[in-house]
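Structure file model-v2.cif with mmCIF, C-alpha atoms and all ligand atoms:
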```cif
data_run
loop_
_atom_site.label_atom_id
_atom_site.label_comp_id
_atom_site.auth_asym_id
_atom_site.auth_seq_id
_atom_site.Cartn_x
_atom_site.Cartn_y
_atom_site.Cartn_z
CA MET F 5 12.80 48.14 23.29
CA SER F 6 12.37 45.80 26.27
CA GLY F 7 9.83 45.70 29.11
CA THR F 8 10.31 46.80 32.69
CA VAL F 9 13.96 47.26 33.73
CA THR F 10 15.44 47.98 37.15
CA ALA F 11 18.97 49.16 37.85
CA VAL F 12 20.61 49.75 41.22
CA ALA F 13 23.62 52.05 41.44
CA PRO F 14 25.74 53.05 44.42
CA SER F 15 26.51 56.47 45.70
CA ASN F 16 30.19 57.29 45.65
CA LEU F 17 32.48 59.28 47.86
CA ALA F 18 35.11 61.50 46.24
CA PHE F 19 38.65 61.43 47.64
CA VAL F 20 39.75 64.05 45.10
CA LYS F 21 36.74 66.26 44.43
CA TYR F 22 35.02 67.41 41.30
CA TRP F 23 34.17 71.04 42.04
CA GLY F 24 33.82 73.62 39.29
CA ALA F 25 33.38 72.61 35.65
CA ARG F 26 34.74 73.53 32.27
CA ASP F 27 31.29 72.95 30.79
CA LEU F 28 28.61 72.71 33.43
CA GLU F 29 25.77 71.79 31.07
CA ARG F 30 27.63 68.68 29.87
CA ALA F 31 29.48 68.17 33.17
CA ILE F 32 32.96 68.37 31.69
CA PRO F 33 35.32 68.80 34.64
CA ARG F 34 38.57 70.76 34.81
CA HIS F 35 40.56 67.80 36.12
CA PRO F 36 40.02 64.14 37.04
CA SER F 37 38.50 63.14 40.37
CA VAL F 38 38.86 59.88 42.31
CA SER F 39 36.21 58.16 44.39
CA MET F 40 35.20 55.04 46.21
CA ALA F 41 31.90 53.34 45.33
CA LEU F 42 29.75 52.84 48.41
CA SER F 43 27.99 49.62 49.22
CA ARG F 44 24.84 50.47 51.19
CA CYS F 45 23.90 53.97 49.99
CA ARG F 46 22.16 53.19 46.69
CA SER F 47 19.53 54.38 44.26
CA ARG F 48 17.08 51.98 42.66
CA CYS F 49 15.43 53.02 39.40
CA THR F 50 12.73 51.17 37.49
CA VAL F 51 11.61 52.20 34.02
CA ALA F 52 8.64 50.79 32.14
CA PRO F 53 7.27 51.69 28.69
CA ARG F 54 4.15 53.83 28.76
CA PRO F 55 3.17 53.78 25.10
CA ASP F 56 0.02 55.88 25.17
CA ASP F 57 1.16 58.75 27.36
CA GLY F 58 4.11 61.07 28.02
CA ASP F 59 7.03 60.38 30.36
CA GLU F 60 6.26 60.37 34.07
CA VAL F 61 8.59 60.49 37.09
CA LEU F 62 7.55 58.92 40.38
CA LEU F 63 9.21 58.70 43.77
CA ALA F 64 8.90 55.34 45.48
CA ARG F 65 8.51 55.51 49.24
CA GLU F 66 9.83 52.98 51.76
CA GLY F 67 6.54 51.08 51.94
CA GLY F 68 6.28 50.87 48.14
CA GLU F 69 3.79 53.76 47.65
CA LEU F 70 4.45 55.87 44.58
CA GLU F 71 4.00 59.61 44.35
CA VAL F 72 4.47 62.03 41.50
CA ALA F 73 7.90 63.65 41.80
CA PRO F 74 8.01 67.42 42.39
CA GLU F 75 8.92 69.44 39.32
CA ASP F 76 12.45 70.40 40.41
CA PHE F 77 13.26 66.70 40.82
CA ALA F 78 11.44 65.51 37.70
CA GLU F 79 12.73 68.09 35.24
CA PRO F 80 16.41 66.96 34.94
CA VAL F 81 15.25 63.33 34.97
CA LEU F 82 12.88 63.94 32.06
CA ARG F 83 15.60 65.75 30.13
CA HIS F 84 17.97 62.83 30.58
CA VAL F 85 15.35 60.30 29.51
CA GLU F 86 14.76 62.34 26.37
CA ARG F 87 18.51 62.61 25.71
CA LEU F 88 18.92 58.82 25.93
CA ARG F 89 15.84 58.16 23.81
CA ARG F 90 17.20 60.45 21.08
CA ARG F 91 20.55 58.71 21.35
CA ALA F 92 18.77 55.40 20.68
CA GLY F 93 17.02 56.91 17.65
CA GLY F 94 13.62 56.94 19.40
CA GLY F 95 11.57 54.81 21.78
CA ALA F 96 8.38 54.76 23.81
CA SER F 97 7.52 57.15 26.61
CA LEU F 98 8.49 55.86 30.04
CA ARG F 99 7.28 55.67 33.58
CA VAL F 100 10.28 56.18 35.80
CA ALA F 101 10.23 55.30 39.48
CA THR F 102 13.18 55.95 41.73
CA ARG F 103 14.12 55.45 45.35
CA ASN F 104 17.18 56.26 47.43
CA ASN F 105 17.83 54.29 50.58
CA PHE F 106 19.61 57.29 52.16
CA PRO F 107 18.87 61.01 52.66
CA THR F 108 18.48 62.83 49.33
CA GLY F 109 20.18 66.12 48.57
CA ALA F 110 22.16 66.19 51.81
CA GLY F 111 25.61 65.95 50.28
CA LEU F 112 25.53 62.17 50.11
CA ALA F 113 25.84 62.06 46.31
CA SER F 114 22.23 61.09 45.63
CA SER F 115 22.40 62.61 42.15
CA ALA F 116 25.40 60.40 41.30
CA SER F 117 23.65 57.15 42.20
CA GLY F 118 20.27 58.35 40.91
CA PHE F 119 21.53 59.35 37.46
CA ALA F 120 23.77 56.29 37.15
CA ALA F 121 20.78 54.00 37.87
CA LEU F 122 18.52 55.99 35.52
CA THR F 123 21.11 55.86 32.72
CA MET F 124 21.54 52.10 33.08
CA ALA F 125 17.81 51.41 33.16
CA CYS F 126 17.06 53.66 30.16
CA ALA F 127 20.04 52.33 28.19
CA ARG F 128 18.61 48.82 28.48
CA VAL F 129 14.98 49.72 27.86
CA PHE F 130 15.97 51.69 24.74
CA GLY F 131 18.31 48.90 23.57
CA LEU F 132 21.44 51.06 23.62
CA GLN F 133 23.94 48.38 24.81
CA PRO F 134 26.74 50.80 25.75
CA SER F 135 30.23 49.58 26.65
CA PRO F 136 31.25 50.39 30.27
CA GLU F 137 33.15 53.43 28.97
CA GLU F 138 30.16 54.66 26.96
CA LEU F 139 27.90 54.07 29.94
CA SER F 140 29.97 56.36 32.17
CA VAL F 141 29.94 59.08 29.49
CA LEU F 142 26.17 58.72 29.08
CA ALA F 143 25.71 59.00 32.86
CA ARG F 144 27.87 62.12 32.94
CA SER F 145 25.82 63.69 30.16
CA SER F 146 22.94 63.89 32.68
CA GLY F 147 24.69 66.98 34.08
CA SER F 148 25.81 65.14 37.22
CA GLY F 149 29.50 64.48 36.59
CA SER F 150 29.89 62.28 39.65
CA ALA F 151 27.28 59.91 38.10
CA ALA F 152 30.05 58.80 35.72
CA ARG F 153 31.90 57.37 38.74
CA SER F 154 28.77 55.57 40.03
CA THR F 155 28.65 53.36 36.93
CA LEU F 156 31.65 51.44 38.28
CA GLY F 157 32.49 49.66 41.54
CA GLY F 158 35.55 49.86 43.78
CA TYR F 159 37.97 52.76 43.38
CA VAL F 160 37.30 54.91 40.35
CA GLN F 161 38.87 57.80 38.50
CA TRP F 162 36.83 60.03 36.20
CA PRO F 163 37.89 60.91 33.60
CA GLU F 164 40.57 58.30 33.19
CA SER F 165 43.03 60.72 31.59
CA ASP F 166 43.58 64.41 32.21
CA ASP F 167 44.32 64.78 28.50
CA ASP F 168 40.72 63.86 27.68
CA LEU F 169 38.38 65.56 30.10
CA GLU F 170 35.35 64.44 28.08
CA GLY F 171 36.46 60.83 28.46
CA ALA F 172 35.15 57.87 30.41
CA ALA F 173 35.64 56.82 34.02
CA ALA F 174 37.97 53.92 34.78
CA ARG F 175 38.31 51.57 37.70
CA LEU F 176 41.61 51.95 39.57
CA ALA F 177 41.03 48.89 41.78
CA PRO F 178 38.14 46.57 42.62
CA ALA F 179 36.39 46.74 46.00
CA GLU F 180 38.17 43.56 47.20
CA HIS F 181 41.50 45.31 46.81
CA TRP F 182 41.01 47.37 49.99
CA ASP F 183 38.24 47.13 52.56
CA LEU F 184 37.73 50.73 53.65
CA ARG F 185 34.82 51.77 55.85
CA ASP F 186 32.81 54.98 55.68
CA VAL F 187 31.09 56.05 58.89
CA VAL F 188 28.72 58.86 57.94
CA ALA F 189 27.95 61.28 60.75
CA LEU F 190 24.64 62.95 59.87
CA VAL F 191 24.48 66.31 61.53
CA ASP F 192 21.71 67.60 59.30
CA PRO F 193 19.88 65.15 57.05
CA GLY F 194 17.70 67.88 55.44
CA ARG F 195 18.06 69.08 51.85
CA LYS F 196 20.81 71.61 51.24
CA GLU F 197 19.88 75.13 50.23
CA VAL F 198 22.40 75.57 47.41
CA SER F 199 22.58 72.67 44.94
CA SER F 200 25.96 71.30 43.93
CA ARG F 201 25.17 72.47 40.43
CA GLU F 202 24.96 76.04 41.66
CA GLY F 203 28.07 75.47 43.80
CA HIS F 204 29.99 74.32 40.69
CA ARG F 205 28.80 77.39 38.83
CA ARG F 206 30.00 79.76 41.53
CA ALA F 207 33.30 77.95 42.15
CA GLU F 208 35.19 79.75 39.40
CA SER F 209 34.52 83.10 41.04
CA SER F 210 36.62 82.10 44.05
CA PRO F 211 40.16 83.50 44.05
CA HIS F 212 41.28 80.11 45.39
CA PHE F 213 39.91 78.14 42.46
CA ARG F 214 42.86 78.82 40.09
CA ARG F 215 45.34 77.83 42.77
CA ARG F 216 43.42 74.64 43.42
CA LEU F 217 43.80 73.65 39.78
CA GLN F 218 47.58 73.79 40.19
CA LEU F 219 47.53 71.63 43.32
CA VAL F 220 45.20 68.86 42.16
CA PRO F 221 47.57 66.86 39.87
CA GLU F 222 49.94 66.06 42.72
CA ARG F 223 47.02 64.99 44.92
CA LEU F 224 45.67 62.72 42.23
CA ALA F 225 49.04 60.98 42.04
CA GLU F 226 49.18 60.71 45.84
CA VAL F 227 45.67 59.24 46.11
CA ARG F 228 46.31 56.73 43.33
CA GLY F 229 49.55 55.68 45.03
CA ALA F 230 47.83 55.35 48.41
CA ILE F 231 45.08 53.18 46.90
CA ARG F 232 47.63 51.01 45.11
CA GLU F 233 49.61 50.52 48.35
CA ARG F 234 46.51 50.36 50.60
CA ASP F 235 48.09 53.08 52.70
CA LEU F 236 45.51 54.94 54.78
CA ARG F 237 48.12 57.15 56.45
CA ARG F 238 49.04 58.42 53.02
CA LEU F 239 45.46 58.71 51.76
CA GLY F 240 43.99 60.34 54.88
CA PRO F 241 45.74 63.74 54.83
CA VAL F 242 44.83 64.21 51.15
CA LEU F 243 41.18 63.37 51.90
CA GLU F 244 41.03 66.05 54.56
CA THR F 245 42.86 68.64 52.47
CA GLU F 246 40.49 68.03 49.55
CA ALA F 247 37.42 68.30 51.78
CA VAL F 248 38.54 71.56 53.35
CA GLU F 249 39.58 73.01 50.01
CA LEU F 250 36.24 72.30 48.35
CA HIS F 251 34.61 74.26 51.14
CA LEU F 252 37.26 76.98 51.06
CA VAL F 253 36.39 77.50 47.40
CA ALA F 254 32.66 77.34 48.16
CA MET F 255 32.87 79.81 51.04
CA SER F 256 34.97 82.24 49.00
CA SER F 257 32.78 82.04 45.89
CA ARG F 258 30.60 84.98 44.92
CA PRO F 259 28.00 84.78 46.32
CA PRO F 260 29.49 82.51 48.99
CA VAL F 261 28.14 79.05 49.71
CA PHE F 262 28.27 77.72 53.28
CA TYR F 263 27.48 74.02 53.49
CA TRP F 264 28.88 73.40 56.97
CA SER F 265 26.89 73.63 60.16
CA PRO F 266 28.38 73.98 63.64
CA GLY F 267 28.04 70.20 63.99
CA THR F 268 30.32 69.67 60.99
CA LEU F 269 33.21 71.30 62.85
CA ARG F 270 32.50 69.28 65.99
CA VAL F 271 32.77 66.06 64.00
CA MET F 272 35.98 67.19 62.28
CA GLU F 273 37.48 67.97 65.68
CA ALA F 274 36.42 64.58 67.08
CA VAL F 275 38.05 62.79 64.15
CA ARG F 276 41.27 64.67 64.77
CA SER F 277 41.21 63.74 68.44
CA LEU F 278 40.54 60.05 67.61
CA ARG F 279 43.88 60.20 65.83
CA THR F 280 45.89 62.27 68.25
CA GLU F 281 44.53 60.87 71.52
CA GLU F 282 43.73 57.28 70.58
CA GLY F 283 46.02 56.64 67.62
CA ILE F 284 43.09 55.58 65.42
CA GLY F 285 43.54 56.00 61.67
CA ALA F 286 40.32 57.91 60.95
CA TYR F 287 40.06 60.74 58.39
CA TYR F 288 37.15 62.91 57.35
CA THR F 289 35.87 64.04 54.02
CA ILE F 290 32.84 66.20 53.26
CA ASP F 291 30.86 66.72 50.05
CA ALA F 292 28.48 69.56 49.25
CA GLY F 293 26.61 69.39 52.54
CA PRO F 294 27.15 69.50 56.30
CA ASN F 295 27.47 65.75 56.88
CA VAL F 296 30.85 64.16 57.48
CA HIS F 297 32.21 60.89 56.11
CA VAL F 298 34.82 59.28 58.33
CA ILE F 299 37.07 56.82 56.54
CA CYS F 300 38.76 54.09 58.55
CA ARG F 301 39.86 50.45 58.55
CA PRO F 302 37.40 47.66 59.49
CA GLN F 303 39.08 47.07 62.87
CA ASP F 304 38.53 50.73 63.85
CA GLU F 305 34.95 51.08 62.63
CA GLU F 306 33.27 50.20 65.93
CA ARG F 307 35.25 52.79 67.87
CA VAL F 308 34.60 55.46 65.24
CA VAL F 309 30.84 54.75 65.30
CA GLU F 310 30.83 54.91 69.10
CA ARG F 311 32.67 58.22 69.10
CA MET F 312 30.36 59.73 66.49
CA ARG F 313 27.22 58.58 68.33
CA ALA F 314 28.45 60.26 71.49
CA LEU F 315 28.58 63.67 69.81
CA ARG F 316 25.57 65.83 70.55
CA PRO F 317 25.15 67.35 67.05
CA VAL F 318 25.23 63.93 65.39
CA ARG F 319 21.62 62.85 64.79
CA SER F 320 22.39 59.48 63.32
CA VAL F 321 25.24 57.43 61.98
CA LEU F 322 25.25 55.40 58.76
CA ARG F 323 27.78 52.67 58.24
CA ASP F 324 28.98 52.06 54.75
CA ARG F 325 31.99 50.57 53.00
CA VAL F 326 33.56 50.27 49.60
CA GLY F 327 31.20 48.47 47.24
CA ALA F 328 31.15 46.38 44.10
CA GLY F 329 29.19 48.77 41.88
CA PRO F 330 25.89 48.86 40.02
CA ARG F 331 23.73 45.99 38.80
CA TYR F 332 20.40 45.13 37.23
CA ASP F 333 17.87 43.14 39.23
CA GLY F 334 14.24 42.04 39.15
CA GLU F 335 12.97 43.92 42.21
CA HIS F 336 10.91 46.43 40.27
CA LEU F 337 9.41 49.57 41.80
CA LEU F 338 6.60 49.56 39.23
O1 LIG I 1 28.23 65.44 40.14
P1 LIG I 1 27.67 66.61 40.84
O2 LIG I 1 27.39 67.73 39.90
O3 LIG I 1 26.49 66.22 41.69
O4 LIG I 1 28.79 67.18 41.82
C1 LIG I 1 29.41 66.43 42.81
C2 LIG I 1 30.09 67.34 43.75
C3 LIG I 1 30.70 66.70 44.97
O5 LIG I 1 29.95 65.60 45.42
C4 LIG I 1 30.72 67.75 46.07
C5 LIG I 1 32.14 66.29 44.73
C6 LIG I 1 32.36 65.00 44.01
O6 LIG I 1 33.40 64.89 43.33
O7 LIG I 1 31.56 64.06 44.16
#
```

If you convert what's in this file into structure tokens, what do you get?
Amino acid sequence: MSGTVTAVAPSNLAFVKYWGARDLERAIPRHPSVSMALSRCRSRCTVAPRPDDGDEVLLAREGGELEVAPEDFAEPVLRHVERLRRRAGGGASLRVATRNNFPTGAGLASSASGFAALTMACARVFGLQPSPEELSVLARSSGSGSAARSTLGGYVQWPESDDDLEGAAARLAPAEHWDLRDVVALVDPGRKEVSSREGHRRAESSPHFRRRLQLVPERLAEVRGAIRERDLRRLGPVLETEAVELHLVAMSSRPPVFYWSPGTLRVMEAVRSLRTEEGIGAYYTIDAGPNVHVICRPQDEERVVERMRALRPVRSVLRDRVGAGPRYDGEHLL
């Protein structure tokens, strides 16, 4: 058992979505998903042994102040800490401090980066020494499947094979392979009302879910091919189809889940008109929230940002890009 450990893990953006699970508790998906690790949207997690007391979860604020995490945030964190401690055959209680440098729970994959960073920090403090494959499986066991993808950088598929849905994530290409930009149009940075966990649970009640399962394999092949060839015109239409289909399933679930706001549609429309009126290769994707990610090439980023900022429902714009993946560092929160 070592002393204080800090891990930093990126959020990731799914090109082919994970939505609906075979086993929700263990986050076993029904098919592989593919994502891009982000560079700027990250979670930082510090863990430190707390030998004489129980586990404690703290949220670190911008200025460095720490506050006790609310129960709904702390509970899955504590369960994951306990899971990893058992896996290591025991260990001290921990103080866990975590911080996201982007809006939490707004469909920007904060659970992916948060659980990836927590898994890495706990693995080291408990002396687990997992291989990269084991690390992604441990991160997934948190209950956030997309956390498996946040343990790697660049372009990632999880699970690697559709014959082994309990398997590890694998990197399809490193970040240097293709410099894609992600302009995030925040139309509503508040927390969403229905968690993605609940969205996954309801997904199977949608009549469109079964059909989706038939369509995904071809899309996976298309996205992998587009990444290999660095072909945004091939990738883009699949991104948009996947985004719309996730929400089609969500909106037709019982009870239905509506993540979009009117601003979401305005942004989607503006992206379409950037393409049709200005010939700019920009494509949207949307996770379980109202905010829109616009994917484009570096040379088009400025114009996309400008266009997004000019839209009335867009409250702010974040600029991100494909990133190298997680790391340990010495900038502790505790
Ligand atoms: O990993 P979870 O349970 O937080 O679910 C992620 C769901 C989406 O972000 C909407 C899609 C995805 O593949 O990241």

Checklist entry - Which chains and residue numbers are within 7 Å of ligand LIG 1 (chain I), counting all atoms listed in the file, if I want them as JSON, numbers by chain? => result {"F": [17, 18, 20, 21, 22, 23, 37, 111, 113, 115, 116, 147, 148, 149, 150, 151, 200, 201, 291, 292]}

Those residues with C-alpha atoms, as a PDB file, keeping the file's coordinate frame please?
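selection.pdb was written with the following content:
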```pdb
ATOM      1  CA  LEU F  17      32.480  59.280  47.860  1.00  0.00           C
ATOM      2  CA  ALA F  18      35.110  61.500  46.240  1.00  0.00           C
ATOM      3  CA  VAL F  20      39.750  64.050  45.100  1.00  0.00           C
ATOM      4  CA  LYS F  21      36.740  66.260  44.430  1.00  0.00           C
ATOM      5  CA  TYR F  22      35.020  67.410  41.300  1.00  0.00           C
ATOM      6  CA  TRP F  23      34.170  71.040  42.040  1.00  0.00           C
ATOM      7  CA  SER F  37      38.500  63.140  40.370  1.00  0.00           C
ATOM      8  CA  GLY F 111      25.610  65.950  50.280  1.00  0.00           C
ATOM      9  CA  ALA F 113      25.840  62.060  46.310  1.00  0.00           C
ATOM     10  CA  SER F 115      22.400  62.610  42.150  1.00  0.00           C
ATOM     11  CA  ALA F 116      25.400  60.400  41.300  1.00  0.00           C
ATOM     12  CA  GLY F 147      24.690  66.980  34.080  1.00  0.00           C
ATOM     13  CA  SER F 148      25.810  65.140  37.220  1.00  0.00           C
ATOM     14  CA  GLY F 149      29.500  64.480  36.590  1.00  0.00           C
ATOM     15  CA  SER F 150      29.890  62.280  39.650  1.00  0.00           C
ATOM     16  CA  ALA F 151      27.280  59.910  38.100  1.00  0.00           C
ATOM     17  CA  SER F 200      25.960  71.300  43.930  1.00  0.00           C
ATOM     18  CA  ARG F 201      25.170  72.470  40.430  1.00  0.00           C
ATOM     19  CA  ASP F 291      30.860  66.720  50.050  1.00  0.00           C
ATOM     20  CA  ALA F 292      28.480  69.560  49.250  1.00  0.00           C
TER      21      ALA F 292
END
```

Taking a cut-off of 12 Å and counting only C-alpha atoms, can you build a table that, for each residue of stretch 218-287 of chain F near stretch 40-49 of chain F, reports the nearest atom pair and how far apart they are in Å (one decimal), sorted by chain then residue number, as JSON lines?
```
{"residue": "F:Val227", "atom": "CA", "partner": "F:Met40", "partner_atom": "CA", "distance": 11.3}
{"residue": "F:Arg228", "atom": "CA", "partner": "F:Met40", "partner_atom": "CA", "distance": 11.6}
{"residue": "F:Ile231", "atom": "CA", "partner": "F:Met40", "partner_atom": "CA", "distance": 10.1}
{"residue": "F:Leu243", "atom": "CA", "partner": "F:Met40", "partner_atom": "CA", "distance": 11.7}
```

Just to be explicit: take each residue in the selection above, keep C-alpha atoms, and write the result as a PDB file, keeping the file's coordinate frame.
```
ATOM      1  CA  VAL F 227      45.670  59.240  46.110  1.00  0.00           C
ATOM      2  CA  ARG F 228      46.310  56.730  43.330  1.00  0.00           C
ATOM      3  CA  ILE F 231      45.080  53.180  46.900  1.00  0.00           C
ATOM      4  CA  LEU F 243      41.180  63.370  51.900  1.00  0.00           C
TER       5      LEU F 243
END
```

Next on the checklist: The residues within 6 Å of (46.1, 68.5, 36.6), using all atoms listed in the file and the coordinates of the file, should be reported as a PyMOL selection string; which are they?
Outcome noted: chain F and resi 35+220-221

Next on the checklist: For a quick check of your reading of the model, name the residues lying within 10 Å of the coordinate (9.1, 63.8, 41.7), counting all atoms listed in the file, and write them as a list in words.
Outcome noted: Glu60, Val61, Leu62, Leu63, Ala64, Leu70, Glu71, Val72, Ala73, Pro74, Glu75, Asp76, Phe77, Ala78, Glu79, Val81, Val100, Ala101 and Thr102 of chain F

Checklist entry - Got a sec: who's within 9 Å of stretch 321-324 of chain F, counting only C-alpha atoms, leaving out chain neighbours fewer than 6 positions off, as a VMD selection string? => result chain F and resid 42 to 45 106 184 to 191 305 309 312 to 313

Next on the checklist: Please determine, counting all atoms listed in the file, which residue among F:Leu88, F:Ser140, F:Ile284, F:Gly24 has the shortest atom-to-atom distance to F:Val253.
Outcome noted: F:Gly24

Item to check | Within 12 Å of F:Pro163 using all atoms listed in the file, minus same-chain residues under 5 positions, as number ranges by chain | outcome: F: 22, 31-39, 137-138, 140-141, 144, 149-153, 168-176, 224

File for stretch 235-254 of chain F (N, CA, C and O atoms), as a PDB file, in the first residue's frame:
```
ATOM      1  N   ASP F 235     -10.769   9.757 -42.525  1.00  0.00           N
ATOM      2  CA  ASP F 235     -11.738  10.249 -43.496  1.00  0.00           C
ATOM      3  C   ASP F 235     -12.973  10.798 -42.768  1.00  0.00           C
ATOM      4  O   ASP F 235     -13.882  10.055 -42.402  1.00  0.00           O
ATOM      5  N   LEU F 236     -12.970  12.133 -42.570  1.00  0.00           N
ATOM      6  CA  LEU F 236     -14.060  12.746 -41.803  1.00  0.00           C
ATOM      7  C   LEU F 236     -15.393  12.675 -42.554  1.00  0.00           C
ATOM      8  O   LEU F 236     -16.450  12.558 -41.944  1.00  0.00           O
ATOM      9  N   ARG F 237     -15.336  12.724 -43.867  1.00  0.00           N
ATOM     10  CA  ARG F 237     -16.597  12.643 -44.639  1.00  0.00           C
ATOM     11  C   ARG F 237     -17.247  11.271 -44.520  1.00  0.00           C
ATOM     12  O   ARG F 237     -18.432  11.123 -44.750  1.00  0.00           O
ATOM     13  N   ARG F 238     -16.437  10.289 -44.187  1.00  0.00           N
ATOM     14  CA  ARG F 238     -16.990   8.951 -43.973  1.00  0.00           C
ATOM     15  C   ARG F 238     -17.445   8.796 -42.515  1.00  0.00           C
ATOM     16  O   ARG F 238     -18.457   8.175 -42.234  1.00  0.00           O
ATOM     17  N   LEU F 239     -16.659   9.367 -41.612  1.00  0.00           N
ATOM     18  CA  LEU F 239     -16.991   9.259 -40.183  1.00  0.00           C
ATOM     19  C   LEU F 239     -18.253  10.051 -39.829  1.00  0.00           C
ATOM     20  O   LEU F 239     -19.122   9.588 -39.083  1.00  0.00           O
ATOM     21  N   GLY F 240     -18.318  11.295 -40.366  1.00  0.00           N
ATOM     22  CA  GLY F 240     -19.336  12.251 -39.943  1.00  0.00           C
ATOM     23  C   GLY F 240     -20.771  11.737 -39.987  1.00  0.00           C
ATOM     24  O   GLY F 240     -21.493  11.827 -38.985  1.00  0.00           O
ATOM     25  N   PRO F 241     -21.205  11.189 -41.133  1.00  0.00           N
ATOM     26  CA  PRO F 241     -22.608  10.730 -41.190  1.00  0.00           C
ATOM     27  C   PRO F 241     -22.911   9.650 -40.150  1.00  0.00           C
ATOM     28  O   PRO F 241     -24.019   9.608 -39.607  1.00  0.00           O
ATOM     29  N   VAL F 242     -21.932   8.792 -39.855  1.00  0.00           N
ATOM     30  CA  VAL F 242     -22.181   7.752 -38.844  1.00  0.00           C
ATOM     31  C   VAL F 242     -22.310   8.401 -37.463  1.00  0.00           C
ATOM     32  O   VAL F 242     -23.167   8.014 -36.656  1.00  0.00           O
ATOM     33  N   LEU F 243     -21.461   9.394 -37.185  1.00  0.00           N
ATOM     34  CA  LEU F 243     -21.563  10.114 -35.900  1.00  0.00           C
ATOM     35  C   LEU F 243     -22.972  10.636 -35.683  1.00  0.00           C
ATOM     36  O   LEU F 243     -23.560  10.480 -34.613  1.00  0.00           O
ATOM     37  N   GLU F 244     -23.498  11.291 -36.718  1.00  0.00           N
ATOM     38  CA  GLU F 244     -24.811  11.925 -36.578  1.00  0.00           C
ATOM     39  C   GLU F 244     -25.910  10.881 -36.451  1.00  0.00           C
ATOM     40  O   GLU F 244     -26.829  11.022 -35.639  1.00  0.00           O
ATOM     41  N   THR F 245     -25.806   9.813 -37.238  1.00  0.00           N
ATOM     42  CA  THR F 245     -26.809   8.740 -37.151  1.00  0.00           C
ATOM     43  C   THR F 245     -26.818   8.137 -35.746  1.00  0.00           C
ATOM     44  O   THR F 245     -27.877   7.904 -35.149  1.00  0.00           O
ATOM     45  N   GLU F 246     -25.627   7.877 -35.220  1.00  0.00           N
ATOM     46  CA  GLU F 246     -25.525   7.283 -33.877  1.00  0.00           C
ATOM     47  C   GLU F 246     -26.120   8.203 -32.817  1.00  0.00           C
ATOM     48  O   GLU F 246     -26.791   7.762 -31.889  1.00  0.00           O
ATOM     49  N   ALA F 247     -25.834   9.499 -32.943  1.00  0.00           N
ATOM     50  CA  ALA F 247     -26.337  10.459 -31.956  1.00  0.00           C
ATOM     51  C   ALA F 247     -27.863  10.477 -31.978  1.00  0.00           C
ATOM     52  O   ALA F 247     -28.523  10.394 -30.937  1.00  0.00           O
ATOM     53  N   VAL F 248     -28.422  10.575 -33.179  1.00  0.00           N
ATOM     54  CA  VAL F 248     -29.877  10.655 -33.294  1.00  0.00           C
ATOM     55  C   VAL F 248     -30.505   9.351 -32.809  1.00  0.00           C
ATOM     56  O   VAL F 248     -31.526   9.362 -32.115  1.00  0.00           O
ATOM     57  N   GLU F 249     -29.857   8.233 -33.128  1.00  0.00           N
ATOM     58  CA  GLU F 249     -30.463   6.952 -32.761  1.00  0.00           C
ATOM     59  C   GLU F 249     -30.461   6.721 -31.251  1.00  0.00           C
ATOM     60  O   GLU F 249     -31.415   6.172 -30.702  1.00  0.00           O
ATOM     61  N   LEU F 250     -29.392   7.144 -30.586  1.00  0.00           N
ATOM     62  CA  LEU F 250     -29.397   7.028 -29.119  1.00  0.00           C
ATOM     63  C   LEU F 250     -30.627   7.747 -28.561  1.00  0.00           C
ATOM     64  O   LEU F 250     -31.341   7.245 -27.693  1.00  0.00           O
ATOM     65  N   HIS F 251     -30.864   8.940 -29.099  1.00  0.00           N
ATOM     66  CA  HIS F 251     -31.984   9.730 -28.568  1.00  0.00           C
ATOM     67  C   HIS F 251     -33.336   9.211 -29.041  1.00  0.00           C
ATOM     68  O   HIS F 251     -34.333   9.338 -28.329  1.00  0.00           O
ATOM     69  N   LEU F 252     -33.361   8.614 -30.230  1.00  0.00           N
ATOM     70  CA  LEU F 252     -34.586   7.954 -30.694  1.00  0.00           C
ATOM     71  C   LEU F 252     -34.962   6.837 -29.713  1.00  0.00           C
ATOM     72  O   LEU F 252     -36.123   6.710 -29.300  1.00  0.00           O
ATOM     73  N   VAL F 253     -33.968   6.056 -29.338  1.00  0.00           N
ATOM     74  CA  VAL F 253     -34.205   4.967 -28.377  1.00  0.00           C
ATOM     75  C   VAL F 253     -34.637   5.563 -27.031  1.00  0.00           C
ATOM     76  O   VAL F 253     -35.612   5.114 -26.427  1.00  0.00           O
ATOM     77  N   ALA F 254     -33.931   6.610 -26.595  1.00  0.00           N
ATOM     78  CA  ALA F 254     -34.258   7.216 -25.297  1.00  0.00           C
ATOM     79  C   ALA F 254     -35.688   7.777 -25.303  1.00  0.00           C
ATOM     80  O   ALA F 254     -36.475   7.525 -24.378  1.00  0.00           O
TER      81      ALA F 254
END
```
